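Trainee: First, the structure itself, so that you have it in front of you.
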Amino acid sequence: MASYAPAEIEARWQKAWDEAGLFRASRDESRPKYYVLEMFPYPSGRIHIGHVRNYTMGDVIARYKRSQGFNVLHPMGFDAFGMPAENAAMKSGGHPKTWTYQNIDDMVAQMKPMGFSLDWERMFATCDPEYYGQQQALFLDFLEAGLVYRKNAVVNWDPVDQTVLANEQVIDGRGWRSDAEVERRELTQWFFKISEYSGDLLDALQGLEEWPAKVRLMQENWIGRSRGLEFSFEQVDGGDSIPVYTTRPDTLMGASFVGISPDHPIVKGMESTNPKLAAAVAEMRKGGTTAEALEKAEKLGFDTGLRVKHPLDPNWELPVWVANFILMDYGTGAIFGCPAHDQRDLDFCRKYNLPVIDTFFALGDETPVAHEAFVPPKTEKVAWVNHFAGITEATGQEAIDATIDFAEQNGWGSGKTQYRLRDWGLSRQRYWGCPIPVVHCDTCGVVPEKKENLPIQLPDDVSFDIPGNPLDRHPSWRDCSCPKCGKPAKRETDTMDTFVDSSWYFARFTAPRASTPTDLADAGYWMNVDQYIGGVEHAILHLLYSRFFARGMIKTGHLPEKCAEPFNALFTQGMVTHAIYKNAERSDENGQAIYHFPEEVETREGGTFVKDTGEAIKVIPSAKMSKSKNNVVDPMDIIARFGADTARWFVLSDSPPERDVEWTASGAEAAHKHLTRVWNLCDRIAAMDEGTGDDGALRKDLHKTIHDVTMGIESFGFNAAIAKLYAFTNTLSKAKASKAMMREAIMTLAQLMAPMTPHLAEDIWNHQGGEGLCAAAPWPKADEALLVDDMVTLPIQINGKRRAEIEVPKDMPKPEIEALVLKQEAVVKALDGGEPKKLIVVPGRIVNVVL
RNA sequence: GCGGGCGUGAUGGAAUGGUAGACAUAUCGGACUUAAAAUCCGAAGGCCUUAGUGCCGUGUGGGUUCGAGUCCCACCGCCCGCACCA
């Protein structure tokens, strides 16, 4: 046998798997199914080492489950709509479609050599009309079911590019591309009614036991349930009353103003007649809607001149202020301000000279609030000095409950559960997305497209040389006839948020060519996803939207009831990082730091230096890979140098999968060396003559390894499983045993390695005369009887410190062990003729002598 | 500010409340070689006028326990998520 040549081996076995159709999934009710899915990639054109880690983890699970007898579905596709394609078109004049499909081809060509056990026949891209047409059908069904609606919403508007910007595209209040100051503009937009499921989406998190607690918590906070009081302030001069919502109704007696959002209907009504107010409000509306922009913004207020009556005292008048920190889309868009017990309100009141009224004090400390608001703790008793219900001492929660009861009994307010979660705006003023299948007719209004007209395809003849959405200026596409009355009408030119595309692709994979969005029989068999794997950056939006979509699809009959939670288990993997080599001695002519490629530097005594110039390098370890920092490693380079198995082995080694792993050249080389060692070992065993030795000892080690590796894979402890495989390889290479036993050991080792290094495993299997393909062989089973040693080493502790050890048969009765322990020299010495206070024997584990 | 997580050798990291440091990297030593690389073998937490079945040791301080890296409390440090949410 020649030396380890991954390039040749890997191509050969990929072809063999392909020809055997091993990874093609088909419905088979007689076998248990297993659906493993990695979050599908955006087709940037290059696979990233992070993709390799993600898909390798999924592949380990897929291959492992397959060898356990499961009917495995492991598909791959592309999340192919989105802005980068349009940006590329604007920059270099191509078409988003050609750019995207070219990238997909390139990425498939890069993924295939990795040897992932994917069912490529199910592949699709979300920009395929066959996919987005079905998405349009879903949209229409959601519309009919009341899960989609239109309303006015405030958006970030880029006046130069003539487009809506996502929050991430607003940088320091300016458009990321145009650098123009972003305006807040109100547009009519489509929304998914995700808020209909707020409570359910929150409560159901409880049942997702195989999700990381962190992700569940993030979703919980995102949905944000709170319980409070809703009531209205009557205007003194009889105008519209102002409803408010508060989670701290107990502070009502400390109210000193009513605040309303700049987008509140009352403000809108006053703007035309009150130029000063209009100017103030215009100032408040400037800047983006991002959290960041809001945080930096100074608190601004303007007295509307309106006055309202305090609900508990009709003679107590409160001023109504417009305040920029009040959000129209949370609660009612109006609050009452209680400066003494809310820091934000206090800041506002100090700025505009509004009164501060103390309502609560910490017990025994009646210092009036000055610069720091006193928030009454919910679980500790506080003094209620300014009350209405005769209670003078209560916890915050008791005070809240008492106030809600009081309001409900007196009929001026009611308790209300409020969610932070807002409806999901899906309209995007972009070309490269799924067209929203509705038509605007002067006679009939908004009319849904007829299903038989789907897909509403994107036109190909568009240009990106002028800003704005090309669909808006494409008359032959835009102009159409009304599906209802037949008169001339205009197509909706907005397209859908790309999050829509990724909110149901997992369901489509179960029947990717079906003529309806899903096939209920296929979905019923394959769903739910048993194991979903991806980056934690999708912990909130993508996963929440998918959970909503699953519910919507059940409601519209596209998924069976059991699919409300489409992902049984979720795993969020860490990044692959790489050190950054920053020149410590100089910057470039523009004063920018100089970053060196790894191959330009060397580490020697005293530090790291540039090879050519000897300049000192500052090494920043474990940084996110970034082109501008010259620390990106390309998976294709690694495959060319070491092969796919090495890349797969390395990304799983050393670090637990949920944590970041640092790519190091030495680590990758070590992985490759190890695989070579295993290969050579296989060669040596094949060349052995009969040989003799302790077969029993080797078999024991082997079965312990089977057990440990199996447990490791089951629990996502890939790094630990790999460590066991290293250890067993060391054992095997030193073992003295019969050829038959050695052969059994190397073949089992190959099987255990197969999920991680499938090509090498296949080759060893074949080389040792294994039957069929290793990838199709059943997973080895550890013999329980071999997992326990006949003789065990018992450490002996004296007062919890290890002082001696004894070698005893594993089933030696306690009294005998005790007798043996007491005879130990160290124990005799420690006892010094006395009796131990206590003698603890944990069979097979440890002995502790307490003096 | 709110919520969560993590602190173990030079480094990445192991360790169902039971022998801390598995496995790997880097380092050092040896074999092979004219030499180097590759390969193989080996050493390695710290401390020491006592080199020992010695003492100390998992961020710091306390607690529970026969026994704590692991559980509880407080503190320090780092990381992540959310945040003008009424």
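Residue numbering restarts at 1 for every chain of the structure tokens, chains are lettered A, B, ... in their displayed order, and ligands are numbered from 1 as they appear.
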Restrict the distance test to only C-alpha atoms (C1' of nucleotides), flag each residue of chain B within 7 Å of chain A, and return the flagged residues as an MDAnalysis selection string.
Mentor: chainID B and resid 4 12:13 18:19 23:25 53 66:67 81 84:86
Trainee: Find the residues around stretch 367-373 of chain A up to 8 Å (only C-alpha atoms (C1' of nucleotides) counted), leave out those fewer than 4 positions away in its own chain, and share them as an MDAnalysis selection string.
Mentor: chainID A and resid 339:343 346 356 358 361
Trainee: Generate a file of the selected residues that holds N, CA, C and O atoms, formatted as a compact mmCIF listing (two decimals), in the first residue's frame.
Mentor:
# COMPACT_ATOMS: atom_id res chain seq x y z
N PRO A 339 -41.63 60.44 37.91
CA PRO A 339 -40.19 60.71 38.05
C PRO A 339 -39.57 60.13 39.31
O PRO A 339 -38.41 59.73 39.28
N ALA A 340 -40.31 60.09 40.40
CA ALA A 340 -39.69 59.64 41.64
C ALA A 340 -39.28 58.17 41.56
O ALA A 340 -38.36 57.74 42.23
N HIS A 341 -39.94 57.41 40.70
CA HIS A 341 -39.71 55.97 40.72
C HIS A 341 -39.33 55.39 39.37
O HIS A 341 -39.47 54.20 39.12
N ASP A 342 -38.87 56.26 38.47
CA ASP A 342 -38.39 55.79 37.17
C ASP A 342 -37.31 56.76 36.69
O ASP A 342 -37.56 57.97 36.57
N GLN A 343 -36.13 56.23 36.47
CA GLN A 343 -34.98 57.09 36.18
C GLN A 343 -35.18 57.90 34.90
O GLN A 343 -34.84 59.09 34.85
N LEU A 346 -37.47 60.66 35.55
CA LEU A 346 -36.82 61.64 36.41
C LEU A 346 -35.94 62.57 35.59
O LEU A 346 -35.99 63.79 35.74
N VAL A 356 -41.58 66.37 41.08
CA VAL A 356 -41.22 65.00 41.46
C VAL A 356 -41.97 64.68 42.74
O VAL A 356 -41.80 65.37 43.75
N ASP A 358 -42.80 61.98 45.61
CA ASP A 358 -42.42 60.71 46.24
C ASP A 358 -43.66 59.93 46.64
O ASP A 358 -44.58 60.47 47.25
N PHE A 361 -41.04 54.85 49.75
CA PHE A 361 -39.70 54.96 50.34
C PHE A 361 -39.24 53.58 50.76
O PHE A 361 -40.07 52.72 51.08
Trainee: Step one, run DSSP on the backbone; step two, keep only residues of stretch 148-382 of chain A assigned to strand (DSSP E or B); then write them as a PyMOL selection string.
Mentor: chain A and resi 148-158+163-165+170-171+174-175+181+183-192+210+225-235+242-246+257-260+301-310+313-323+334-337+360-362+365+381-382
Trainee: For atom CA of A:Ile400 and atom CA of A:Leu205, quote the distance in Å rounded to one decimal.
Mentor: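 Computing the Euclidean distance for atom CA of A:Ile400 and atom CA of A:Leu205 yields 27.0 Å.
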Trainee: Fewer than 5 positions away in the same chain doesn't count, so skip those; otherwise give me all residues within 12 Å of B:U60, counting only C-alpha atoms (C1' of nucleotides), as a list in words.
Mentor: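 My reading of the contact set: G7, A74, C75, C76 and G77 of chain B.
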Trainee: Taking 2 positions as the minimum chain separation for residues in the same chain, which residues sit within 10 Å of A:Val633 when counting only C-alpha atoms (C1' of nucleotides)? Answer as an NGL selection string.
Mentor: :A and (48-50 or 576-578 or 597-598 or 625-627 or 630-631 or 635-638 or 663-665)
Trainee: Could you name the residues that touch stretch 30-47 of chain B at 8 Å or less, counting only C-alpha atoms (C1' of nucleotides), but leaving out those on the same chain fewer than 5 positions away, as JSON, numbers by chain?
Mentor: {"B": [9, 21, 55, 56, 57]}
Trainee: When you look at B:G17 with a cut-off of 8 Å (counting only C-alpha atoms (C1' of nucleotides)), what residues show up, excluding the ones that are within fewer than 3 positions of it in the same chain? I need them as a compact mmCIF listing (two decimals) with N, CA, C and O atoms (P, O5', C5', C4', C3', O3' and C1' of nucleotides), in the first residue's frame.
Mentor:
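part-v5.txt was written with the following content:
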# COMPACT_ATOMS: atom_id res chain seq x y z
P G B 67 -15.57 16.31 54.65
O5' G B 67 -15.14 15.91 53.17
C5' G B 67 -13.77 15.62 52.90
C4' G B 67 -13.61 15.15 51.49
C3' G B 67 -14.13 16.10 50.43
O3' G B 67 -13.20 17.11 50.16
C1' G B 67 -14.82 13.89 49.96
P A B 68 -13.69 18.53 49.68
O5' A B 68 -14.39 18.26 48.28
C5' A B 68 -13.67 17.80 47.16
C4' A B 68 -13.99 18.65 45.96
C3' A B 68 -13.56 20.11 46.08
O3' A B 68 -13.25 20.60 44.79
C1' A B 68 -15.88 20.04 45.86
P U B 70 -16.11 23.78 42.74
O5' U B 70 -17.02 22.95 41.72
C5' U B 70 -17.54 23.57 40.54
C4' U B 70 -18.32 22.54 39.77
C3' U B 70 -19.57 22.05 40.49
O3' U B 70 -20.66 22.00 39.60
C1' U B 70 -18.14 20.21 39.95
P C B 71 -21.70 23.18 39.65
O5' C B 71 -22.42 22.92 41.06
C5' C B 71 -23.56 22.09 41.15
C4' C B 71 -24.14 22.18 42.54
C3' C B 71 -24.19 23.58 43.12
O3' C B 71 -25.31 24.30 42.66
C1' C B 71 -23.31 22.11 44.73
Trainee: Could you list, as a list in words, every residue within 8 Å of stretch 161-166 of chain A, counting only C-alpha atoms (C1' of nucleotides) and ignoring same-chain residues fewer than 3 positions away?
Mentor: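 My reading of the contact set: Val155, Asn156, Trp157, Asp158, Gln169, Val170, Gly175, Ser178, Arg428, Gln429, Arg430, Pro467, Gly468 and Asn469 of chain A.
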Trainee: Could the residues in this selection be written to a file with C-alpha atoms, as a compact mmCIF listing (two decimals), in the first residue's frame?
Mentor:
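Okay, this is what ended up in result-v4.txt:
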# COMPACT_ATOMS: atom_id res chain seq x y z
CA VAL A 155 -39.34 52.82 8.47
CA ASN A 156 -35.79 54.02 7.89
CA TRP A 157 -35.89 55.80 4.56
CA ASP A 158 -32.79 56.58 2.54
CA GLN A 169 -27.97 49.33 7.31
CA VAL A 170 -28.21 52.55 9.27
CA GLY A 175 -27.47 55.19 5.00
CA SER A 178 -25.43 56.62 0.27
CA ARG A 428 -38.98 45.25 1.16
CA GLN A 429 -38.57 47.80 -1.60
CA ARG A 430 -36.12 45.59 -3.46
CA PRO A 467 -31.53 54.06 -7.35
CA GLY A 468 -34.81 52.61 -6.21
CA ASN A 469 -36.64 49.39 -6.84
Trainee: Dump as JSON lines the rows for residues of stretch 7-48 of chain A within 8 Å of stretch 96-112 of chain A: closest atom pair and distance in Å with one decimal, only C-alpha atoms counted, ordered by chain and rising residue number.
Mentor:
{"residue": "A:Pro43", "atom": "CA", "partner": "A:Ile104", "partner_atom": "CA", "distance": 5.5}
{"residue": "A:Ser44", "atom": "CA", "partner": "A:Asn103", "partner_atom": "CA", "distance": 6.2}
{"residue": "A:Gly45", "atom": "CA", "partner": "A:Asn103", "partner_atom": "CA", "distance": 4.1}
{"residue": "A:Arg46", "atom": "CA", "partner": "A:Met107", "partner_atom": "CA", "distance": 5.8}
{"residue": "A:Ile47", "atom": "CA", "partner": "A:Met107", "partner_atom": "CA", "distance": 6.0}
Trainee: Using DSSP on the backbone coordinates, identify the residues of stretch 185-252 of chain A assigned to helix (DSSP H, G or I); present them as a list in words.
Mentor: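 Of stretch 185-252 of chain A, the ones in helix (DSSP H, G or I) are Ile194, Ser195, Glu196, Tyr197, Ser198, Gly199, Asp200, Leu201, Leu202, Asp203, Ala204, Leu205, Gln206, Gly207, Ala213, Lys214, Val215, Arg216, Leu217, Met218, Gln219, Glu220, Asn221, Trp222, Ile223, Pro249, Asp250, Thr251 and Leu252 of chain A.
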Trainee: What is the distance between atom CA of A:Ala407 and atom CA of A:Ser195, in Å to one decimal?
Mentor: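 So the answer is 26.6 Å.
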Trainee: What's the separation between atom CA of A:Tyr505 and atom CA of A:Pro437, in Å to one decimal place?
Mentor: 18.9 Å
Trainee: Name the closest residue to A:Met742 among the candidates A:Leu570, A:Ala686, A:Cys774, A:Leu760; distances are taken between atoms, counting only C-alpha atoms.
Mentor: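 Smallest distance to A:Met742 is found for A:Ala686.
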